Amino acid sequence: MNNQKYFKDKVIIVTGASSGIGLAAAKLFGSCGAKVVMAARSLEKMEAMAPEVGKDVLCVRCDVSVEEDCKALVEKTVERFGRIDILVNNAGLSMRAMFKDLDLVVIKRLMDVNFWGTVFCTKYALPYLLEAKGQVVGVISIAGYSALPARCAYSSSKYAIRGFLDTLRIEHLKDGLGVLVFAPGYTESNVRNAALVADGSAQGKTPLEEGKLMSAERCAEYLAKGLRKRRSEMILTTLGKATVWMHRRFPRLTDKMTYSFIAKEEDSPFK
Ligand SMILES: NC(=O)c1ccc[n+]([C@@H]2O[C@H](COP(=O)([O-])OP(=O)(O)OC[C@H]3O[C@@H](n4cnc5c(N)ncnc54)[C@H](OP(=O)(O)O)[C@@H]3O)[C@@H](O)[C@H]2O)c1
């Protein structure tokens with residue numbers, strides 16, 4: 001089945017839809033005739049993009065770290081469209097600092113946005129997803145399989161989402177619920193600019209050459225494929241696949257290779 005057939009008329013919530021992978025996914029679903037609900041804190045930004053997403057688009061201001069916002073997101077979706085077929089928990093925040101230097105508020109914030117945001121949205125959407133025999137996605141990261149130094153809060157939150165969704169999949173194995181753990185590799189977006197540094201302020205720059213990374217649009221195509229095929233796991237990029245494979249078989253060697261890889265970053269955290 002192609003994307004057009006699979007996504008047409010499906011009601012799809014995408015959190016973190018104001019930028020990067022979430023925005024690209026919203027556009028892809030919209031282009032297939034889905035009814036898209038865009039959720040993020042930047043309402044004006046989403047409303048400006050909505051005509052490019054599709055005809056039947058609902059934009060909802062939602063801070064996923066706030067339980068009431070997530071509940072309201074689900075209520076507004078059901079009020080407008082009457083059902084929910086797919087929930088894409090994509091909203092996310094990164095960080096970059098060694099744990100020894102890190103203000104603990106950064107760990108708290110990342111767990112609130114990445115992990116609790118996923119838990120809150122999934123909790124309120126679940127009855128509707130079960131009714132529709134729908135799908136829930138968690139956009140994690142390769143860092144949710146193989147830890148990255150100077151990203152302890154990010155890795156922890158992504159490992160936690162994976163544990164949560166893997167459990168949910170087993171709990172609903174006989175209920176027709178699809179649960180996809182989706183792990184992009186490095187993808188061009190705003191995530192590194194927005195990442196928090198040791199004191200909780202935004203990094204405001206990226207240590208990578210963003211233009212050389214996978215595009216957000218390509219990443220969204222993989223997401224659509226994973227949903228269409230009702231996969232339970234998707235790991236992207238050659239580097240990402242190799243890292244996860246190595247980590248599972250040779251964890252100590254992978255630690256050393258990861259150390260060397262991150263040590264080469266501009267402003268390496270080890271210096
Ligand atoms: N880019 C990569 O290399 C990469 C790799 C692996 C995984 N990922 C994951 O992919 C997901 C999307 O990130 P991206 O790369 O597309 O980054 P991005 O361009 O920075 O987009 C992040 C999105 O999350 C939203 N967001 C942040 N905090 C939020 C909050 N408290 N409540 C609601 N929405 C919030 C942002 O919108 P507002 O600021 O408007 O709220 C934005 O729409 C994240 O989960 C990220 O961890 C990215």
# chains A, B, ... in the order shown; residues from 1 in each chain; ligands from 1
$ residues_around --residues "segment 196-207 of chain A" --least-positions-apart "6" --cutoff "12 Å" --atoms "only C-alpha atoms" --output "PyMOL selection string"
chain A and resi 92-110+150-154+186-190+262-269
$ write_last_selection --atoms "C-alpha atoms" --output "mmCIF file, in the first residue's frame"
data_model
loop_
_atom_site.group_PDB
_atom_site.id
_atom_site.type_symbol
_atom_site.label_atom_id
_atom_site.label_comp_id
_atom_site.auth_asym_id
_atom_site.auth_seq_id
_atom_site.Cartn_x
_atom_site.Cartn_y
_atom_site.Cartn_z
ATOM 1 C CA GLY A 92 11.982 16.918 21.923
ATOM 2 C CA LEU A 93 14.823 18.855 23.435
ATOM 3 C CA SER A 94 18.531 18.039 23.560
ATOM 4 C CA MET A 95 21.448 19.152 25.744
ATOM 5 C CA ARG A 96 25.226 19.254 25.689
ATOM 6 C CA ALA A 97 27.374 19.305 28.836
ATOM 7 C CA MET A 98 29.268 16.862 31.003
ATOM 8 C CA PHE A 99 27.243 15.599 33.968
ATOM 9 C CA LYS A 100 29.863 16.934 36.416
ATOM 10 C CA ASP A 101 29.162 20.491 35.181
ATOM 11 C CA LEU A 102 25.429 20.108 34.644
ATOM 12 C CA ASP A 103 22.745 21.981 36.569
ATOM 13 C CA LEU A 104 20.212 19.331 37.564
ATOM 14 C CA VAL A 105 17.356 21.454 36.216
ATOM 15 C CA VAL A 106 18.549 20.459 32.733
ATOM 16 C CA ILE A 107 17.994 16.762 33.424
ATOM 17 C CA LYS A 108 14.614 17.544 34.943
ATOM 18 C CA ARG A 109 13.617 19.641 31.907
ATOM 19 C CA LEU A 110 14.642 17.007 29.374
ATOM 20 C CA ALA A 150 27.799 15.074 27.300
ATOM 21 C CA ARG A 151 24.174 14.134 26.540
ATOM 22 C CA CYS A 152 23.342 12.171 29.693
ATOM 23 C CA ALA A 153 19.896 13.769 30.085
ATOM 24 C CA TYR A 154 19.105 13.288 26.402
ATOM 25 C CA TYR A 186 21.819 12.853 12.782
ATOM 26 C CA THR A 187 19.175 14.891 10.921
ATOM 27 C CA GLU A 188 19.232 18.518 9.785
ATOM 28 C CA SER A 189 17.066 20.550 12.188
ATOM 29 C CA ASN A 190 17.077 23.143 14.952
ATOM 30 C CA ILE A 262 32.770 12.832 20.428
ATOM 31 C CA ALA A 263 36.338 13.948 21.277
ATOM 32 C CA LYS A 264 36.645 15.096 17.642
ATOM 33 C CA GLU A 265 33.617 17.419 17.931
ATOM 34 C CA GLU A 266 34.161 21.154 17.740
ATOM 35 C CA ASP A 267 34.396 22.376 21.401
ATOM 36 C CA SER A 268 34.764 18.763 22.533
ATOM 37 C CA PRO A 269 33.328 18.250 26.032
#
$ closest_atom_pairs --of "chain A" --to "ligand 1" --cutoff "7 Å" --atoms "only C-alpha atoms and all ligand atoms" --output "tab-separated table"
residue	atom	partner	partner_atom_place_in_ligand_line	distance
A:Thr15	CA	ligand 1	34 (N)	6.0
A:Gly16	CA	ligand 1	43 (O)	3.3
A:Ala17	CA	ligand 1	43 (O)	4.5
A:Ser18	CA	ligand 1	43 (O)	3.8
A:Ser19	CA	ligand 1	43 (O)	4.2
A:Gly20	CA	ligand 1	16 (O)	3.4
A:Ile21	CA	ligand 1	16 (O)	3.8
A:Gly22	CA	ligand 1	16 (O)	5.6
A:Leu23	CA	ligand 1	43 (O)	7.0
A:Ala39	CA	ligand 1	33 (C)	6.6
A:Ala40	CA	ligand 1	34 (N)	3.9
A:Arg41	CA	ligand 1	41 (O)	3.6
A:Ser42	CA	ligand 1	40 (O)	3.7
A:Cys62	CA	ligand 1	33 (C)	5.5
A:Asp63	CA	ligand 1	32 (N)	3.4
A:Val64	CA	ligand 1	32 (N)	4.0
A:Ser65	CA	ligand 1	31 (N)	5.3
A:Asn90	CA	ligand 1	45 (O)	4.6
A:Ala91	CA	ligand 1	24 (O)	3.6
A:Gly92	CA	ligand 1	45 (O)	3.5
A:Leu93	CA	ligand 1	27 (C)	5.4
A:Ser94	CA	ligand 1	47 (O)	6.1
A:Val113	CA	ligand 1	31 (N)	5.0
A:Asn114	CA	ligand 1	45 (O)	6.6
A:Val139	CA	ligand 1	45 (O)	5.3
A:Ile140	CA	ligand 1	7 (C)	5.3
A:Ser141	CA	ligand 1	6 (C)	3.9
A:Ile142	CA	ligand 1	6 (C)	6.4
A:Ala183	CA	ligand 1	6 (C)	6.1
A:Pro184	CA	ligand 1	6 (C)	4.4
A:Gly185	CA	ligand 1	5 (C)	4.8
A:Tyr186	CA	ligand 1	3 (O)	3.5
A:Thr187	CA	ligand 1	3 (O)	3.7
A:Glu188	CA	ligand 1	1 (N)	5.4
A:Ser189	CA	ligand 1	19 (O)	4.3
A:Asn190	CA	ligand 1	19 (O)	3.7
A:Val191	CA	ligand 1	20 (O)	3.4
A:Arg192	CA	ligand 1	20 (O)	7.0
A:Ala194	CA	ligand 1	20 (O)	5.9
A:Ala216	CA	ligand 1	16 (O)	6.9
$ write_last_selection --atoms "C-alpha atoms" --output "mmCIF file, in the first residue's frame"
data_model
loop_
_atom_site.group_PDB
_atom_site.id
_atom_site.type_symbol
_atom_site.label_atom_id
_atom_site.label_comp_id
_atom_site.auth_asym_id
_atom_site.auth_seq_id
_atom_site.Cartn_x
_atom_site.Cartn_y
_atom_site.Cartn_z
ATOM 1 C CA THR A 15 3.902 16.908 18.529
ATOM 2 C CA GLY A 16 6.851 19.201 17.879
ATOM 3 C CA ALA A 17 5.310 20.079 14.511
ATOM 4 C CA SER A 18 6.625 23.663 14.369
ATOM 5 C CA SER A 19 10.092 22.677 13.143
ATOM 6 C CA GLY A 20 12.405 19.983 11.771
ATOM 7 C CA ILE A 21 11.269 16.355 11.619
ATOM 8 C CA GLY A 22 7.802 17.090 13.058
ATOM 9 C CA LEU A 23 7.042 19.799 10.510
ATOM 10 C CA ALA A 39 1.144 20.610 18.318
ATOM 11 C CA ALA A 40 3.995 22.679 19.770
ATOM 12 C CA ARG A 41 4.484 25.835 21.817
ATOM 13 C CA SER A 42 4.935 28.143 18.776
ATOM 14 C CA CYS A 62 0.827 22.671 23.627
ATOM 15 C CA ASP A 63 3.778 22.408 25.990
ATOM 16 C CA VAL A 64 4.092 18.630 26.237
ATOM 17 C CA SER A 65 5.763 18.895 29.648
ATOM 18 C CA ASN A 90 8.124 13.819 18.303
ATOM 19 C CA ALA A 91 8.517 16.959 20.465
ATOM 20 C CA GLY A 92 11.982 16.918 21.923
ATOM 21 C CA LEU A 93 14.823 18.855 23.435
ATOM 22 C CA SER A 94 18.531 18.039 23.560
ATOM 23 C CA VAL A 113 9.679 17.326 27.738
ATOM 24 C CA ASN A 114 10.973 14.124 26.157
ATOM 25 C CA VAL A 139 10.757 9.571 18.097
ATOM 26 C CA ILE A 140 13.812 8.603 20.075
ATOM 27 C CA SER A 141 17.397 8.645 18.795
ATOM 28 C CA ILE A 142 20.427 6.421 18.321
ATOM 29 C CA ALA A 183 15.263 6.295 16.016
ATOM 30 C CA PRO A 184 16.639 8.853 13.567
ATOM 31 C CA GLY A 185 20.372 9.367 13.196
ATOM 32 C CA TYR A 186 21.819 12.853 12.782
ATOM 33 C CA THR A 187 19.175 14.891 10.921
ATOM 34 C CA GLU A 188 19.232 18.518 9.785
ATOM 35 C CA SER A 189 17.066 20.550 12.188
ATOM 36 C CA ASN A 190 17.077 23.143 14.952
ATOM 37 C CA VAL A 191 17.656 20.547 17.694
ATOM 38 C CA ARG A 192 21.313 21.395 18.366
ATOM 39 C CA ALA A 194 17.895 24.705 20.935
ATOM 40 C CA ALA A 216 14.110 16.256 7.868
#
$ closest_residue --among "A:Ala224, A:Pro149, A:Ser260, A:Cys121" --to "Lys5 of chain A" --atoms "only C-alpha atoms"
A:Ala224
$ residues_around --residues "segment 233-246 of chain A" --least-positions-apart "5" --cutoff "12 Å" --atoms "only C-alpha atoms" --output "JSON, numbers by chain"
{"A": [136, 137, 138, 139, 140, 141, 142, 143, 144, 145, 146, 147, 148, 162, 165, 166, 169, 178, 179, 180, 181, 182, 183, 184, 185, 186, 187, 213, 214, 215, 218, 219, 220, 221, 222, 223, 224, 225, 226, 227, 251, 252, 253, 254, 255, 256, 257, 258, 261]}
$ select_by_dssp --residues "segment 1-220 of chain A" --states "helix (DSSP H, G or I)" --output "PDB file with C-alpha atoms, in the first residue's frame"
ATOM      1  CA  ASN A   3       1.416   6.515   1.479  1.00  0.00           C
ATOM      2  CA  GLN A   4      -1.598   8.138  -0.188  1.00  0.00           C
ATOM      3  CA  LYS A   5      -3.814   5.133   0.448  1.00  0.00           C
ATOM      4  CA  TYR A   6      -2.513   4.457   3.943  1.00  0.00           C
ATOM      5  CA  PHE A   7      -2.682   7.971   5.407  1.00  0.00           C
ATOM      6  CA  GLY A  20      12.405  19.983  11.771  1.00  0.00           C
ATOM      7  CA  ILE A  21      11.269  16.355  11.619  1.00  0.00           C
ATOM      8  CA  GLY A  22       7.802  17.090  13.058  1.00  0.00           C
ATOM      9  CA  LEU A  23       7.042  19.799  10.510  1.00  0.00           C
ATOM     10  CA  ALA A  24       8.311  17.622   7.648  1.00  0.00           C
ATOM     11  CA  ALA A  25       6.168  14.712   8.889  1.00  0.00           C
ATOM     12  CA  ALA A  26       3.085  16.946   9.196  1.00  0.00           C
ATOM     13  CA  LYS A  27       3.594  18.115   5.593  1.00  0.00           C
ATOM     14  CA  LEU A  28       4.026  14.557   4.334  1.00  0.00           C
ATOM     15  CA  PHE A  29       0.886  13.299   6.114  1.00  0.00           C
ATOM     16  CA  GLY A  30      -1.048  16.365   4.937  1.00  0.00           C
ATOM     17  CA  SER A  31       0.036  15.795   1.335  1.00  0.00           C
ATOM     18  CA  LEU A  43       1.306  28.478  17.663  1.00  0.00           C
ATOM     19  CA  GLU A  44       1.902  31.393  15.272  1.00  0.00           C
ATOM     20  CA  LYS A  45       4.692  29.508  13.520  1.00  0.00           C
ATOM     21  CA  MET A  46       2.445  26.467  13.001  1.00  0.00           C
ATOM     22  CA  GLU A  47      -0.489  28.583  11.826  1.00  0.00           C
ATOM     23  CA  ALA A  48       1.780  30.222   9.262  1.00  0.00           C
ATOM     24  CA  MET A  49       2.884  26.777   8.000  1.00  0.00           C
ATOM     25  CA  ALA A  50      -0.585  25.154   8.129  1.00  0.00           C
ATOM     26  CA  PRO A  51      -1.596  26.024   4.509  1.00  0.00           C
ATOM     27  CA  GLU A  52       1.504  24.144   3.327  1.00  0.00           C
ATOM     28  CA  VAL A  53       0.528  21.130   5.454  1.00  0.00           C
ATOM     29  CA  GLU A  67      -0.060  17.367  31.582  1.00  0.00           C
ATOM     30  CA  GLU A  68      -3.123  19.621  31.178  1.00  0.00           C
ATOM     31  CA  ASP A  69      -1.854  20.790  27.764  1.00  0.00           C
ATOM     32  CA  CYS A  70      -1.535  17.185  26.570  1.00  0.00           C
ATOM     33  CA  LYS A  71      -5.025  16.350  27.838  1.00  0.00           C
ATOM     34  CA  ALA A  72      -6.407  19.444  26.066  1.00  0.00           C
ATOM     35  CA  LEU A  73      -4.547  18.472  22.862  1.00  0.00           C
ATOM     36  CA  VAL A  74      -6.352  15.132  22.777  1.00  0.00           C
ATOM     37  CA  GLU A  75      -9.717  16.717  23.671  1.00  0.00           C
ATOM     38  CA  LYS A  76      -9.400  19.366  20.929  1.00  0.00           C
ATOM     39  CA  THR A  77      -8.444  16.684  18.394  1.00  0.00           C
ATOM     40  CA  VAL A  78     -11.444  14.514  19.231  1.00  0.00           C
ATOM     41  CA  GLU A  79     -13.764  17.538  19.323  1.00  0.00           C
ATOM     42  CA  ARG A  80     -12.680  18.517  15.805  1.00  0.00           C
ATOM     43  CA  PHE A  81     -12.142  15.138  14.109  1.00  0.00           C
ATOM     44  CA  PHE A  99      27.243  15.599  33.968  1.00  0.00           C
ATOM     45  CA  LYS A 100      29.863  16.934  36.416  1.00  0.00           C
ATOM     46  CA  ASP A 101      29.162  20.491  35.181  1.00  0.00           C
ATOM     47  CA  LEU A 104      20.212  19.331  37.564  1.00  0.00           C
ATOM     48  CA  VAL A 105      17.356  21.454  36.216  1.00  0.00           C
ATOM     49  CA  VAL A 106      18.549  20.459  32.733  1.00  0.00           C
ATOM     50  CA  ILE A 107      17.994  16.762  33.424  1.00  0.00           C
ATOM     51  CA  LYS A 108      14.614  17.544  34.943  1.00  0.00           C
ATOM     52  CA  ARG A 109      13.617  19.641  31.907  1.00  0.00           C
ATOM     53  CA  LEU A 110      14.642  17.007  29.374  1.00  0.00           C
ATOM     54  CA  MET A 111      12.824  14.244  31.227  1.00  0.00           C
ATOM     55  CA  ASP A 112       9.743  16.511  31.455  1.00  0.00           C
ATOM     56  CA  VAL A 113       9.679  17.326  27.738  1.00  0.00           C
ATOM     57  CA  ASN A 114      10.973  14.124  26.157  1.00  0.00           C
ATOM     58  CA  PHE A 115       9.810  11.366  28.508  1.00  0.00           C
ATOM     59  CA  TRP A 116       6.824  12.826  30.371  1.00  0.00           C
ATOM     60  CA  GLY A 117       5.614  14.596  27.207  1.00  0.00           C
ATOM     61  CA  THR A 118       5.423  11.192  25.525  1.00  0.00           C
ATOM     62  CA  VAL A 119       3.761   9.573  28.547  1.00  0.00           C
ATOM     63  CA  PHE A 120       1.142  12.346  28.970  1.00  0.00           C
ATOM     64  CA  CYS A 121       0.131  12.481  25.288  1.00  0.00           C
ATOM     65  CA  THR A 122       0.029   8.681  25.035  1.00  0.00           C
ATOM     66  CA  LYS A 123      -2.040   8.327  28.216  1.00  0.00           C
ATOM     67  CA  TYR A 124      -4.812  10.651  27.020  1.00  0.00           C
ATOM     68  CA  ALA A 125      -4.771   9.470  23.388  1.00  0.00           C
ATOM     69  CA  LEU A 126      -4.655   5.742  24.214  1.00  0.00           C
ATOM     70  CA  PRO A 127      -8.425   5.060  24.526  1.00  0.00           C
ATOM     71  CA  TYR A 128      -8.950   6.570  21.058  1.00  0.00           C
ATOM     72  CA  LEU A 129      -5.925   4.799  19.577  1.00  0.00           C
ATOM     73  CA  LEU A 130      -7.223   1.479  20.912  1.00  0.00           C
ATOM     74  CA  GLU A 131     -10.656   2.171  19.481  1.00  0.00           C
ATOM     75  CA  ILE A 142      20.427   6.421  18.321  1.00  0.00           C
ATOM     76  CA  ALA A 143      21.304   7.904  21.738  1.00  0.00           C
ATOM     77  CA  GLY A 144      18.330   5.884  23.041  1.00  0.00           C
ATOM     78  CA  CYS A 152      23.342  12.171  29.693  1.00  0.00           C
ATOM     79  CA  ALA A 153      19.896  13.769  30.085  1.00  0.00           C
ATOM     80  CA  TYR A 154      19.105  13.288  26.402  1.00  0.00           C
ATOM     81  CA  SER A 155      20.221   9.645  26.330  1.00  0.00           C
ATOM     82  CA  SER A 156      18.417   8.911  29.609  1.00  0.00           C
ATOM     83  CA  SER A 157      15.162  10.392  28.333  1.00  0.00           C
ATOM     84  CA  LYS A 158      15.352   8.486  25.037  1.00  0.00           C
ATOM     85  CA  TYR A 159      16.203   5.165  26.742  1.00  0.00           C
ATOM     86  CA  ALA A 160      13.229   5.809  29.029  1.00  0.00           C
ATOM     87  CA  ILE A 161      10.847   6.410  26.123  1.00  0.00           C
ATOM     88  CA  ARG A 162      12.027   3.168  24.516  1.00  0.00           C
ATOM     89  CA  GLY A 163      11.379   1.231  27.735  1.00  0.00           C
ATOM     90  CA  PHE A 164       7.949   2.809  28.070  1.00  0.00           C
ATOM     91  CA  LEU A 165       6.855   2.090  24.491  1.00  0.00           C
ATOM     92  CA  ASP A 166       8.326  -1.416  24.374  1.00  0.00           C
ATOM     93  CA  THR A 167       6.237  -2.189  27.475  1.00  0.00           C
ATOM     94  CA  LEU A 168       3.106  -0.637  25.978  1.00  0.00           C
ATOM     95  CA  ARG A 169       3.528  -2.775  22.853  1.00  0.00           C
ATOM     96  CA  ILE A 170       3.495  -5.992  24.882  1.00  0.00           C
ATOM     97  CA  GLU A 171       0.571  -4.837  27.057  1.00  0.00           C
ATOM     98  CA  VAL A 191      17.656  20.547  17.694  1.00  0.00           C
ATOM     99  CA  ARG A 192      21.313  21.395  18.366  1.00  0.00           C
ATOM    100  CA  ASN A 193      20.686  25.167  18.402  1.00  0.00           C
ATOM    101  CA  ALA A 194      17.895  24.705  20.935  1.00  0.00           C
ATOM    102  CA  GLU A 210      23.765  20.515   9.351  1.00  0.00           C
ATOM    103  CA  GLY A 211      23.640  20.606   5.535  1.00  0.00           C
ATOM    104  CA  LYS A 212      25.553  17.311   5.362  1.00  0.00           C
ATOM    105  CA  ALA A 216      14.110  16.256   7.868  1.00  0.00           C
ATOM    106  CA  GLU A 217      12.000  15.433   4.795  1.00  0.00           C
ATOM    107  CA  ARG A 218      13.910  12.179   4.178  1.00  0.00           C
ATOM    108  CA  CYS A 219      13.557  11.297   7.854  1.00  0.00           C
ATOM    109  CA  ALA A 220       9.794  11.890   7.609  1.00  0.00           C
TER     110      ALA A 220
END
$ select_by_dssp --residues "segment 24-226 of chain A" --states "strand (DSSP E or B)" --output "ChimeraX atom specification"
/A:35-40,57-61,86-89,95,135-139,178-183,187,196,202,214
